[in-house]
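Structure first, then comments.
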Amino acid sequence: MGQSVLLVDMDARGDLTSYFGVGTDDLEATVYEGLFDESVELGEIVVEVGSGLEVAPADINLAGATLLLANMEFAKRQQVVKEGLVEVGKSYDFVLLDLPPGLELLSVAALGAADEVIIPQQCSFLALHGLRQVQNSIERLQEANQKLRICGILVTMQDRRTVHHREVIGMMREAFGQLVFETMIPQTIRFQDAAIAHQTIMEYDPSSEAAKMYRAVAQEVLERG
């Protein structure tokens with residue numbers, strides 16, 4: 001859609017970084033240094049991975065962020081990610097923060113810097129169990145970041161052929177209403193194939209149903225924003 005996008009890997013496992021084939025062993029700095037080393041700016045570590053698409057990579061060093069944040073005053077802790085993004089964010093139309101499951105200190109700090117939250121939700125009853133807790137946690141975080149809101153809940157790994165999936169979708173729509181995106185992401189091997197190729201589904205198979213659905217999600221995000 002012609003927008004410039006920065007993806008910030010906020011997970012010490014570095015799955016987003018690995019997805020694009022970025023090798024952190026050869027990098028002088030990653031997100032950890034970009035956030036916690038005053039001599040490194042977050043904008044200095046970004047890697048171009050596609051047209052209009054760049055990644056701020058992460059590695060296992062980011063696991064040490066929890067200890068650093070725990071030793072900070074609450075007010076300073078809440079500003080770490082926000083301050084890190086101030087300058088670099090000016091160069092992009094969208095900055096997407098990829099957070100790990102759960103709400104550890106770094107994730108809470110990241111949500112303190114965010115305007116909106118997209119919640120990916122696997123299409124299964126067991127995965128649905130914690131969705132209300134996630135919503136409640138975000139509502140509590142809104143006390144510190146009043147601009148934070150849930151953009152939408154994105155159903156993934158969907159297979160409408162199964163009764164179970166149709167029932168889960170029905171329960172989600174009943175419980176969360178308009179928060180659930182109209183577009184749902186189908187379960188397909190094409191996503192795994194794209195990951196092996198270190199490409200987005202748009203590059204790997206732009207005419208696929210999966211790519212079509214993600215284009216529709218992007219349009220919904222723009223409309224909701």
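Labels for the structure tokens follow display order: chains A, B, ..., residues from 1 in each chain, ligands from 1.
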Which residues are close to A:Ile153, i.e. within 8 Å by only C-alpha atoms, leaving aside same-chain residues fewer than 3 positions away? Reply as a short mmCIF file (atom, residue, chain, number, x, y, z; two decimals) with N, CA and C atoms, in the first residue's frame.
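Wrote it out as out-v6.cif, contents follow:
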data_model
loop_
_atom_site.label_atom_id
_atom_site.label_comp_id
_atom_site.auth_asym_id
_atom_site.auth_seq_id
_atom_site.Cartn_x
_atom_site.Cartn_y
_atom_site.Cartn_z
N ILE A 118 -2.85 -5.01 18.25
CA ILE A 118 -3.49 -6.07 17.48
C ILE A 118 -3.22 -7.38 18.21
N ILE A 119 -4.27 -8.10 18.55
CA ILE A 119 -4.12 -9.35 19.30
C ILE A 119 -4.33 -10.53 18.35
N PRO A 120 -3.27 -11.25 17.98
CA PRO A 120 -3.45 -12.46 17.18
C PRO A 120 -4.06 -13.55 18.06
N GLN A 121 -5.08 -14.22 17.55
CA GLN A 121 -5.79 -15.22 18.34
C GLN A 121 -5.94 -16.51 17.53
N ILE A 150 -7.31 -1.18 21.81
CA ILE A 150 -7.25 -2.41 21.03
C ILE A 150 -7.76 -2.12 19.63
N LEU A 179 -14.63 -5.86 18.12
CA LEU A 179 -13.18 -5.95 18.28
C LEU A 179 -12.57 -7.02 17.38
N VAL A 180 -13.37 -8.01 16.99
CA VAL A 180 -12.87 -9.09 16.13
C VAL A 180 -12.85 -8.61 14.69
N PHE A 181 -11.67 -8.68 14.05
CA PHE A 181 -11.58 -8.29 12.65
C PHE A 181 -12.53 -9.13 11.80
#
> Mind checking DSSP for stretch 15-192 of chain A and telling me the helix (DSSP H, G or I) residues as number ranges by chain?
Replying inline: A: 15-19, 24-26, 31-36, 42-44, 60-70, 74-77, 80-86, 88-91, 105-113, 125-128, 131-141, 163-179, 190-192
>> Please compute the atom CA of A:Glu41-atom CA of A:Met1 distance, one decimal, in Å.
In response: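 Separating atom CA of A:Glu41 from atom CA of A:Met1 is a distance of 28.0 Å.
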> Which distance in Å separates atom CA of A:Thr188 and atom CA of A:Ala210, to one decimal?
Replying inline: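 Distance reported for this atom pair: 7.5 Å.
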>> What's the separation between atom CA of A:Leu128 and atom CA of A:Gln158, in Å to one decimal place?
In response: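 Distance between the two atoms: 13.0 Å.
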For A:Leu69, list every protein, DNA or RNA residue within 8 Å, evaluated using only C-alpha atoms, and leave out those in the same chain fewer than 5 positions away; present the list as a PDB file with N, CA and C atoms, in the first residue's frame.
ATOM      1  N   ARG A  77      10.860   3.230  33.932  1.00  0.00           N
ATOM      2  CA  ARG A  77      10.633   1.940  33.256  1.00  0.00           C
ATOM      3  C   ARG A  77       9.602   2.079  32.146  1.00  0.00           C
ATOM      4  N   LEU A 105       7.838  -7.346  31.917  1.00  0.00           N
ATOM      5  CA  LEU A 105       8.105  -5.917  32.080  1.00  0.00           C
ATOM      6  C   LEU A 105       8.385  -5.213  30.760  1.00  0.00           C
ATOM      7  N   LEU A 106       9.133  -5.867  29.864  1.00  0.00           N
ATOM      8  CA  LEU A 106       9.450  -5.231  28.589  1.00  0.00           C
ATOM      9  C   LEU A 106       8.197  -5.057  27.733  1.00  0.00           C
TER      10      LEU A 106
END
>> Quick one: residues within 12 Å of stretch 161-165 of chain A, only C-alpha atoms, excluding same-chain residues fewer than 2 positions away - as a ChimeraX atom specification?
In response: /A:121-128,155-159,167-172,184,186-187
> Skipping near chain neighbours, those fewer than 2 positions away, what residues fall within 12 Å of A:Ala65 using only C-alpha atoms, listed as a PyMOL selection string?
Replying inline: chain A and resi 10-12+31-37+58-63+67-72+77+80-81+104-110
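Comparing the minimum interatomic distances between A:Val117 and each of A:Leu6, A:Leu85, A:Ala144, A:Val221, counting only C-alpha atoms, we find that A:Val221 sits nearest.
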> Per DSSP on the backbone, what are the strand (DSSP E or B) residues of stretch 39-129 of chain A, as an MDAnalysis selection string?
Replying inline: chainID A and resid 47:50 53:56 94:98 116:122
